[in-house]
$ cat data.txt   # compact mmCIF, C-alpha atoms (C1' of nucleotides)
# COMPACT_ATOMS: atom_id res chain seq x y z
CA MET A 1 -46.81 -3.74 -17.12
CA ILE A 2 -43.65 -2.63 -15.37
CA PHE A 3 -40.75 -2.02 -17.70
CA SER A 4 -37.77 -4.32 -17.52
CA SER A 5 -35.16 -2.41 -15.60
CA GLU A 6 -32.82 -2.87 -18.52
CA LEU A 7 -34.74 -0.29 -20.52
CA ILE A 8 -34.76 2.31 -17.81
CA LYS A 9 -31.02 2.13 -17.44
CA GLY A 10 -29.37 5.19 -18.78
CA THR A 11 -32.45 7.37 -18.53
CA LEU A 12 -32.54 7.90 -14.79
CA LYS A 13 -30.44 11.06 -14.77
CA THR A 14 -32.54 12.49 -17.58
CA ILE A 15 -35.75 11.73 -15.71
CA VAL A 16 -34.50 13.30 -12.49
CA LEU A 17 -33.17 16.43 -14.21
CA LYS A 18 -36.44 16.89 -16.08
CA GLN A 19 -38.61 16.53 -12.99
CA LEU A 20 -36.53 19.15 -11.21
CA SER A 21 -36.78 21.50 -14.18
CA GLU A 22 -40.53 21.68 -13.78
CA GLY A 23 -41.54 22.00 -10.18
CA ASN A 24 -38.72 23.89 -8.58
CA LYS A 25 -37.24 22.10 -5.61
CA MET A 26 -38.09 18.48 -4.83
CA TYR A 27 -36.90 15.91 -2.34
CA GLY A 28 -35.90 12.33 -3.19
CA TYR A 29 -38.98 10.52 -2.08
CA GLU A 30 -41.13 13.10 -3.83
CA ILE A 31 -39.39 12.39 -7.12
CA THR A 32 -40.04 8.66 -6.88
CA GLN A 33 -43.71 9.29 -6.17
CA LYS A 34 -44.13 11.85 -8.93
CA VAL A 35 -42.57 9.52 -11.49
CA LYS A 36 -44.65 6.61 -10.26
CA GLU A 37 -47.79 8.71 -10.56
CA LEU A 38 -47.00 10.20 -13.97
CA THR A 39 -46.26 6.79 -15.44
CA GLY A 40 -49.18 4.93 -13.94
CA ASP A 41 -46.85 2.82 -11.81
CA ARG A 42 -44.90 1.64 -14.83
CA ILE A 43 -41.66 3.31 -13.80
CA GLN A 44 -40.71 2.87 -10.19
CA ILE A 45 -37.40 4.35 -9.17
CA SER A 46 -35.74 2.38 -6.42
CA GLU A 47 -34.09 4.29 -3.62
CA GLY A 48 -30.86 2.39 -4.16
CA ALA A 49 -30.75 3.89 -7.64
CA LEU A 50 -32.07 7.34 -6.86
CA TYR A 51 -29.90 8.51 -3.99
CA PRO A 52 -26.54 7.68 -5.59
CA THR A 53 -27.79 9.45 -8.71
CA LEU A 54 -28.81 12.56 -6.80
CA HIS A 55 -25.45 12.62 -5.04
CA ALA A 56 -23.65 12.21 -8.35
CA LEU A 57 -25.60 15.05 -9.95
CA GLU A 58 -24.84 17.24 -6.96
CA LYS A 59 -21.16 16.40 -7.20
CA GLU A 60 -21.23 17.36 -10.87
CA GLY A 61 -22.56 20.74 -9.82
CA LEU A 62 -25.92 20.28 -11.51
CA LEU A 63 -27.92 20.32 -8.29
CA THR A 64 -27.90 22.37 -5.13
CA THR A 65 -29.34 21.10 -1.85
CA GLU A 66 -31.23 22.48 1.08
CA THR A 67 -31.90 20.45 4.21
CA ILE A 68 -34.97 21.26 6.28
CA TYR A 69 -36.79 19.65 9.18
CA ILE A 70 -40.39 18.51 9.18
CA GLY A 71 -40.86 18.13 12.92
CA LYS A 72 -37.80 16.07 13.79
CA ARG A 73 -37.62 14.39 10.40
CA VAL A 74 -34.97 15.43 7.89
CA ARG A 75 -35.92 16.36 4.39
CA LYS A 76 -33.37 17.19 1.71
CA TYR A 77 -34.51 19.35 -1.16
CA TYR A 78 -32.77 19.37 -4.51
CA ARG A 79 -32.84 22.19 -7.02
CA LEU A 80 -31.25 22.66 -10.45
CA SER A 81 -28.25 24.96 -10.64
CA ASP A 82 -27.81 27.05 -13.79
CA SER A 83 -25.62 24.39 -15.35
CA GLY A 84 -28.21 21.85 -14.24
CA LYS A 85 -30.92 23.68 -16.16
CA LYS A 86 -28.77 23.67 -19.24
CA LYS A 87 -27.90 20.00 -18.80
CA SER A 88 -31.53 19.10 -18.28
CA LYS A 89 -32.48 20.55 -21.66
CA GLU A 90 -29.54 18.86 -23.33
CA ARG A 91 -30.42 15.49 -21.90
CA VAL A 92 -34.06 15.72 -22.89
CA SER A 93 -33.14 16.75 -26.44
CA GLU A 94 -30.68 13.95 -26.68
CA PHE A 95 -33.28 11.46 -25.59
CA ALA A 96 -35.72 12.83 -28.16
CA GLU A 97 -33.18 12.36 -30.92
CA PHE A 98 -32.36 8.93 -29.65
CA VAL A 99 -36.01 7.99 -29.93
CA GLU A 100 -36.15 9.23 -33.51
CA THR A 101 -33.15 7.10 -34.33
CA MET A 102 -34.61 4.06 -32.62
CA LYS A 103 -37.85 4.49 -34.54
CA ILE A 104 -35.94 3.93 -37.74
CA LEU A 105 -34.00 1.04 -36.31
CA LEU A 106 -37.01 -0.71 -34.84
CA ASP A 107 -39.45 0.40 -37.52
CA LEU A 108 -41.82 1.89 -34.98
CA GLN A 109 -45.11 3.53 -35.76
CA VAL A 110 -45.71 7.01 -34.42
CA LYS A 111 -48.69 7.47 -32.21
CA PRO A 112 -50.29 10.85 -32.80
CA ALA A 113 -50.34 13.14 -29.78
CA MET B 1 -23.79 13.38 -32.91
CA ILE B 2 -23.06 10.03 -31.37
CA PHE B 3 -25.34 9.12 -28.51
CA SER B 4 -23.86 8.84 -25.06
CA SER B 5 -23.47 5.15 -24.47
CA GLU B 6 -25.61 5.51 -21.39
CA LEU B 7 -28.71 5.92 -23.50
CA ILE B 8 -28.06 2.89 -25.62
CA LYS B 9 -27.71 0.69 -22.60
CA GLY B 10 -30.47 -1.81 -22.33
CA THR B 11 -31.49 -1.56 -25.96
CA LEU B 12 -28.79 -3.68 -27.55
CA LYS B 13 -30.65 -6.96 -27.33
CA THR B 14 -33.75 -5.33 -28.75
CA ILE B 15 -31.78 -3.87 -31.65
CA VAL B 16 -30.13 -7.18 -32.47
CA LEU B 17 -33.36 -9.16 -32.27
CA LYS B 18 -35.13 -6.66 -34.51
CA GLN B 19 -32.43 -6.67 -37.16
CA LEU B 20 -32.56 -10.45 -37.31
CA SER B 21 -36.33 -10.41 -37.59
CA GLU B 22 -36.11 -8.54 -40.88
CA GLY B 23 -33.40 -9.88 -43.11
CA ASN B 24 -33.24 -13.54 -42.21
CA LYS B 25 -29.80 -14.68 -41.17
CA MET B 26 -27.05 -12.19 -40.43
CA TYR B 27 -23.53 -12.38 -39.07
CA GLY B 28 -22.09 -10.23 -36.32
CA TYR B 29 -20.08 -7.80 -38.33
CA GLU B 30 -22.99 -7.37 -40.72
CA ILE B 31 -25.24 -6.32 -37.84
CA THR B 32 -22.83 -3.65 -36.67
CA GLN B 33 -22.58 -2.24 -40.21
CA LYS B 34 -26.30 -2.33 -40.81
CA VAL B 35 -27.02 -0.48 -37.58
CA LYS B 36 -24.31 2.05 -38.30
CA GLU B 37 -25.76 2.65 -41.75
CA LEU B 38 -29.39 2.87 -40.65
CA THR B 39 -28.56 5.37 -37.92
CA GLY B 40 -26.24 7.58 -39.93
CA ASP B 41 -23.29 6.54 -37.76
CA ARG B 42 -25.07 7.62 -34.60
CA ILE B 43 -25.24 4.17 -33.10
CA GLN B 44 -22.08 2.13 -33.36
CA ILE B 45 -22.13 -1.25 -31.72
CA SER B 46 -18.76 -2.31 -30.40
CA GLU B 47 -17.66 -5.88 -30.95
CA GLY B 48 -16.95 -6.32 -27.27
CA ALA B 49 -20.62 -5.60 -26.65
CA LEU B 50 -22.06 -7.46 -29.61
CA TYR B 51 -20.46 -10.87 -29.39
CA PRO B 52 -21.23 -11.52 -25.73
CA THR B 53 -24.80 -10.43 -26.49
CA LEU B 54 -25.13 -12.80 -29.42
CA HIS B 55 -23.76 -15.64 -27.33
CA ALA B 56 -26.17 -14.83 -24.54
CA LEU B 57 -29.15 -14.76 -26.90
CA GLU B 58 -28.04 -18.08 -28.34
CA LYS B 59 -27.74 -19.54 -24.87
CA GLU B 60 -31.28 -18.36 -24.12
CA GLY B 61 -32.45 -20.31 -27.13
CA LEU B 62 -33.49 -17.23 -29.09
CA LEU B 63 -30.93 -17.65 -31.85
CA THR B 64 -29.57 -20.53 -33.87
CA THR B 65 -26.18 -20.44 -35.57
CA GLU B 66 -24.62 -21.65 -38.76
CA THR B 67 -20.88 -21.40 -39.41
CA ILE B 68 -19.65 -21.13 -42.94
CA TYR B 69 -16.35 -20.40 -44.63
CA ILE B 70 -15.65 -17.59 -47.04
CA GLY B 71 -12.40 -18.90 -48.44
CA LYS B 72 -10.52 -19.68 -45.22
CA ARG B 73 -12.30 -17.04 -43.18
CA VAL B 74 -14.95 -18.04 -40.70
CA ARG B 75 -18.34 -16.42 -40.74
CA LYS B 76 -21.02 -17.21 -38.19
CA TYR B 77 -24.58 -16.61 -39.18
CA TYR B 78 -27.32 -16.04 -36.65
CA ARG B 79 -31.01 -16.63 -37.18
CA LEU B 80 -34.04 -16.19 -34.91
CA SER B 81 -35.56 -19.34 -33.48
CA ASP B 82 -39.33 -19.46 -33.04
CA SER B 83 -39.03 -18.23 -29.47
CA GLY B 84 -36.63 -15.61 -30.76
CA LYS B 85 -39.23 -14.30 -33.19
CA LYS B 86 -41.71 -14.05 -30.38
CA LYS B 87 -39.20 -12.36 -28.10
CA SER B 88 -38.23 -9.91 -30.82
CA LYS B 89 -41.81 -8.70 -31.14
CA GLU B 90 -42.16 -8.47 -27.38
CA ARG B 91 -39.01 -6.44 -26.98
CA VAL B 92 -39.93 -4.01 -29.74
CA SER B 93 -43.42 -3.50 -28.30
CA GLU B 94 -42.00 -2.97 -24.87
CA PHE B 95 -39.64 -0.33 -26.18
CA ALA B 96 -42.49 1.41 -27.99
CA GLU B 97 -44.51 1.55 -24.79
CA PHE B 98 -41.49 2.72 -22.89
CA VAL B 99 -41.13 5.59 -25.33
CA GLU B 100 -44.78 6.56 -24.89
CA THR B 101 -44.26 6.62 -21.15
CA MET B 102 -41.09 8.65 -21.43
CA LYS B 103 -42.86 11.17 -23.66
CA ILE B 104 -45.17 11.94 -20.78
CA LEU B 105 -42.37 12.05 -18.28
CA LEU B 106 -40.14 14.28 -20.38
CA ASP B 107 -42.95 16.21 -21.99
CA LEU B 108 -41.74 15.43 -25.51
CA GLN B 109 -43.29 16.62 -28.71
CA VAL B 110 -44.13 14.01 -31.31
CA LYS B 111 -42.57 14.43 -34.69
CA PRO B 112 -44.94 13.38 -37.44
CA ALA B 113 -43.76 10.42 -39.50
C1' DC C 1 -49.83 0.02 19.64
C1' DA C 2 -48.47 -2.68 15.65
C1' DC C 3 -47.97 -1.68 10.95
C1' DA C 4 -47.68 1.07 6.91
C1' DA C 5 -45.86 5.13 5.03
C1' DT C 6 -42.43 8.71 4.88
C1' DG C 7 -37.60 9.91 4.29
C1' DC C 8 -32.76 9.53 4.43
C1' DA C 9 -28.78 6.49 3.29
C1' DT C 10 -25.31 2.52 2.35
C1' DT C 11 -23.61 -2.09 1.01
C1' DG C 12 -22.95 -6.17 -1.85
C1' DG C 13 -23.81 -8.19 -5.95
C1' DT C 14 -25.13 -8.53 -10.90
C1' DT C 15 -25.63 -7.07 -15.48
C1' DT C 16 -23.99 -4.70 -19.24
C1' DC C 17 -21.00 -2.17 -21.65
C1' DT C 18 -16.07 -0.20 -22.89
C1' DT C 19 -11.38 -0.62 -23.83
C1' DA C 20 -7.86 -3.33 -25.02
C1' DT C 21 -6.00 -7.19 -26.90
C1' DG C 22 -5.46 -11.29 -29.83
C1' DT C 23 -5.74 -14.04 -34.13
C1' DA C 24 -6.37 -14.41 -38.92
C1' DT C 25 -7.67 -13.34 -43.73
C1' DC C 26 -8.77 -10.38 -47.64
C1' DT C 27 -8.53 -6.07 -50.34
C1' DT C 28 -6.88 -1.81 -51.78
C1' DT C 29 -3.35 1.44 -52.83
C1' DG C 30 0.97 3.81 -53.39
C1' DC D 1 4.40 -6.10 -53.66
C1' DA D 2 4.39 -4.29 -49.00
C1' DA D 3 1.69 -1.74 -45.90
C1' DA D 4 -2.52 -0.40 -44.30
C1' DG D 5 -7.19 -0.84 -43.76
C1' DA D 6 -11.25 -3.64 -43.76
C1' DT D 7 -13.33 -7.95 -42.57
C1' DA D 8 -14.45 -11.35 -38.92
C1' DC D 9 -14.22 -13.91 -34.99
C1' DA D 10 -13.35 -13.84 -29.82
C1' DT D 11 -12.07 -12.93 -24.80
C1' DA D 12 -10.55 -10.43 -20.53
C1' DA D 13 -10.29 -6.71 -17.19
C1' DG D 14 -12.45 -3.04 -15.49
C1' DA D 15 -16.03 0.63 -14.97
C1' DA D 16 -20.74 2.13 -14.67
C1' DA D 17 -25.23 1.77 -13.28
C1' DC D 18 -28.71 -0.44 -11.20
C1' DC D 19 -31.26 -3.84 -7.85
C1' DA D 20 -32.21 -6.00 -3.59
C1' DA D 21 -31.55 -5.81 0.94
C1' DT D 22 -30.85 -3.58 4.96
C1' DG D 23 -30.69 0.02 8.43
C1' DC D 24 -32.30 4.04 11.07
C1' DA D 25 -35.75 7.25 12.51
C1' DT D 26 -40.31 9.58 12.59
C1' DT D 27 -45.24 10.04 11.63
C1' DG D 28 -49.87 8.61 10.54
C1' DT D 29 -53.54 5.06 10.90
C1' DG D 30 -56.75 1.24 12.06
$ encode --input "data.txt" --output "structure tokens"
Amino acid sequence: MIFSSELIKGTLKTIVLKQLSEGNKMYGYEITQKVKELTGDRIQISEGALYPTLHALEKEGLLTTETIYIGKRVRKYYRLSDSGKKKSKERVSEFAEFVETMKILLDLQVKPA
Amino acid sequence: MIFSSELIKGTLKTIVLKQLSEGNKMYGYEITQKVKELTGDRIQISEGALYPTLHALEKEGLLTTETIYIGKRVRKYYRLSDSGKKKSKERVSEFAEFVETMKILLDLQVKPA
DNA sequence: CACAATGCATTGGTTTCTTATGTATCTTTG
DNA sequence: CAAAGATACATAAGAAACCAATGCATTGTG
């Protein structure tokens, strides 16, 4: 089951920030693959969504970039800045609280870890 | 704390369908108040978002309506159709699964119920 | 050597929400 | 009893965020 894109809306920045907070620097394509893998193909980030998001986060000062060459092919690495690290934590916490609120609203059962 | 509207995006239809699946018929304003109350003011549905959503759900055949008068004031009640009941369950399940997936992706801890 | 995969990026369009506005009635309060 | 706030519907203009499609270029594979 692939989630309706409606649901994923609004969580993309959070997902990207979190992925970068774990494994140091990552490049765009790598992020899409990591997310695909971690979610068993249920969340697939399109490139048309990802790149504008990365550029926006960079513009906000949350990411720094580093362009390298693999042979003749360009690869652009992204890394969290200090404010990006802070923002990443904030976003994840906010999502966690949002989930708690939605549990009440939707009367969801909690699956034990 | 009021959630950034970004997070709520994509969940409005699910919220509305779920509220209607519990307390029989409800009118628009009542839904906004119920959600506000249940979430401790953390989710506030704007009317500009709600009414178009209700109309869309009605157009999809998920809701039926009933207009009554309280004195001279109009009140429009909404109720789930059979397909609406089915869709409501689907949407809530999908959200629950989405949350499970996001827990992995964001490495969230589960709060016991 | 064609085709899939890797890797960047942009454009046009749609959906969905916000902000603002409009209309009207009812209730509370100074 | 007038003003203000709450109730209750609705739409319109614009912004935000995403999708689908496309483009370019290189590298690996059958």
$ atom_distance --input "data.txt" --atom1 "C1' of DA21 in chain D" --atom2 "C1' of DT16 in chain C"
21.6 Å
$ interface_residues --input "data.txt" --of "chain B" --to "chain A" --cutoff "7 Å" --atoms "all atoms listed in the file" --output "number ranges by chain"
B: 6-7, 9-11, 15, 18, 38-39, 92, 101, 105-106, 110, 113
$ axis_aligned_box --input "data.txt" --around "range 10-21 of chain A" --padding-each-side "6 Å" --output "AutoDock Vina command-line options"
--center_x -34.0 --center_y 13.3 --center_z -15.0 --size_x 21.2 --size_y 28.3 --size_z 19.6
$ interface_residues --input "data.txt" --of "chain D" --to "chain A" --cutoff "8 Å" --atoms "only C-alpha atoms (C1' of nucleotides)" --output "MDAnalysis selection string"
chainID D and resid 17:19 25:26
$ write_last_selection --input "data.txt" --atoms "C-alpha atoms (C1' of nucleotides)" --output "PDB file, keeping the file's coordinate frame"
ATOM      1  C1'  DA D  17     -25.230   1.770 -13.280  1.00  0.00           C
ATOM      2  C1'  DC D  18     -28.710  -0.440 -11.200  1.00  0.00           C
ATOM      3  C1'  DC D  19     -31.260  -3.840  -7.850  1.00  0.00           C
ATOM      4  C1'  DA D  25     -35.750   7.250  12.510  1.00  0.00           C
ATOM      5  C1'  DT D  26     -40.310   9.580  12.590  1.00  0.00           C
TER       6       DT D  26
END
$ atom_distance --input "data.txt" --atom1 "CA of Lys59 in chain A" --atom2 "CA of Ile45 in chain A"
20.3 Å
$ closest_atom_pairs --input "data.txt" --of "chain C" --to "chain B" --cutoff "10 Å" --atoms "only C-alpha atoms (C1' of nucleotides)" --output "tab-separated table"
residue	atom	partner	partner_atom	distance
C:DT15	C1'	B:Gly10	CA	9.9
C:DT16	C1'	B:Lys9	CA	7.4
C:DC17	C1'	B:Ala49	CA	6.1
C:DT18	C1'	B:Gly48	CA	7.6
C:DT19	C1'	B:Gly48	CA	8.7
C:DA20	C1'	B:Gly48	CA	9.8
C:DA24	C1'	B:Arg73	CA	7.8
C:DT25	C1'	B:Arg73	CA	6.0
C:DC26	C1'	B:Arg73	CA	8.8
$ atom_distance --input "data.txt" --atom1 "CA of Thr67 in chain A" --atom2 "CA of Leu20 in chain A"
16.2 Å
$ residues_near_point --input "data.txt" --point "(-45.1, 8.2, 8.4)" --cutoff "6 Å" --atoms "only C-alpha atoms (C1' of nucleotides)" --output "PyMOL selection string"
(chain C and resi 5-6) or (chain D and resi 27-28)
$ decode --input "data.txt" --residues "range 1-64 of chain B" --atoms "C-alpha atoms" --output "mmCIF file, in the first residue's frame"
data_model
loop_
_atom_site.group_PDB
_atom_site.id
_atom_site.type_symbol
_atom_site.label_atom_id
_atom_site.label_comp_id
_atom_site.auth_asym_id
_atom_site.auth_seq_id
_atom_site.Cartn_x
_atom_site.Cartn_y
_atom_site.Cartn_z
ATOM 1 C CA MET B 1 0.774 25.132 20.983
ATOM 2 C CA ILE B 2 -1.129 25.316 17.750
ATOM 3 C CA PHE B 3 0.169 23.006 15.066
ATOM 4 C CA SER B 4 1.700 24.526 11.982
ATOM 5 C CA SER B 5 -0.966 24.281 9.354
ATOM 6 C CA GLU B 6 1.452 22.342 7.203
ATOM 7 C CA LEU B 7 1.067 19.297 9.397
ATOM 8 C CA ILE B 8 -2.692 19.324 9.337
ATOM 9 C CA LYS B 9 -2.763 19.388 5.583
ATOM 10 C CA GLY B 10 -4.148 16.245 4.135
ATOM 11 C CA THR B 11 -5.877 15.162 7.309
ATOM 12 C CA LEU B 12 -8.933 17.387 7.186
ATOM 13 C CA LYS B 13 -11.130 14.988 5.261
ATOM 14 C CA THR B 14 -10.136 12.173 7.587
ATOM 15 C CA ILE B 15 -10.969 14.269 10.644
ATOM 16 C CA VAL B 16 -14.359 15.281 9.288
ATOM 17 C CA LEU B 17 -15.297 11.761 8.231
ATOM 18 C CA LYS B 18 -14.305 10.385 11.620
ATOM 19 C CA GLN B 19 -16.294 12.950 13.574
ATOM 20 C CA LEU B 20 -19.374 12.156 11.529
ATOM 21 C CA SER B 21 -18.893 8.439 12.067
ATOM 22 C CA GLU B 22 -19.338 8.875 15.807
ATOM 23 C CA GLY B 23 -22.140 11.229 16.648
ATOM 24 C CA ASN B 24 -24.570 10.774 13.803
ATOM 25 C CA LYS B 25 -25.442 13.984 12.041
ATOM 26 C CA MET B 26 -23.476 17.158 12.658
ATOM 27 C CA TYR B 27 -23.412 20.636 11.182
ATOM 28 C CA GLY B 28 -20.340 22.521 10.061
ATOM 29 C CA TYR B 29 -19.887 24.858 12.948
ATOM 30 C CA GLU B 30 -20.455 21.996 15.363
ATOM 31 C CA ILE B 31 -17.581 20.067 13.786
ATOM 32 C CA THR B 32 -15.162 22.950 14.195
ATOM 33 C CA GLN B 33 -16.127 23.321 17.866
ATOM 34 C CA LYS B 34 -15.937 19.619 18.579
ATOM 35 C CA VAL B 35 -12.467 19.355 17.067
ATOM 36 C CA LYS B 36 -11.311 22.435 18.901
ATOM 37 C CA GLU B 37 -12.585 21.000 22.169
ATOM 38 C CA LEU B 38 -11.187 17.508 21.672
ATOM 39 C CA THR B 39 -7.746 18.853 20.821
ATOM 40 C CA GLY B 40 -7.520 21.461 23.553
ATOM 41 C CA ASP B 41 -7.574 24.249 20.963
ATOM 42 C CA ARG B 42 -4.589 22.806 19.147
ATOM 43 C CA ILE B 43 -6.456 22.079 15.951
ATOM 44 C CA GLN B 44 -8.747 24.818 14.755
ATOM 45 C CA ILE B 45 -10.497 24.228 11.480
ATOM 46 C CA SER B 46 -11.135 27.399 9.545
ATOM 47 C CA GLU B 47 -14.480 27.833 7.860
ATOM 48 C CA GLY B 48 -12.818 28.572 4.556
ATOM 49 C CA ALA B 49 -11.283 25.112 4.732
ATOM 50 C CA LEU B 50 -14.245 23.271 6.187
ATOM 51 C CA TYR B 51 -17.108 24.247 3.924
ATOM 52 C CA PRO B 52 -15.380 23.499 0.630
ATOM 53 C CA THR B 53 -14.365 20.156 2.142
ATOM 54 C CA LEU B 54 -17.903 19.314 3.200
ATOM 55 C CA HIS B 55 -19.189 20.226 -0.250
ATOM 56 C CA ALA B 56 -16.534 18.101 -1.870
ATOM 57 C CA LEU B 57 -17.359 15.101 0.314
ATOM 58 C CA GLU B 58 -21.026 15.555 -0.502
ATOM 59 C CA LYS B 59 -20.231 15.714 -4.196
ATOM 60 C CA GLU B 60 -18.275 12.464 -3.857
ATOM 61 C CA GLY B 61 -21.386 10.868 -2.439
ATOM 62 C CA LEU B 62 -19.891 10.318 1.006
ATOM 63 C CA LEU B 63 -22.239 12.673 2.818
ATOM 64 C CA THR B 64 -25.927 13.434 2.710
#
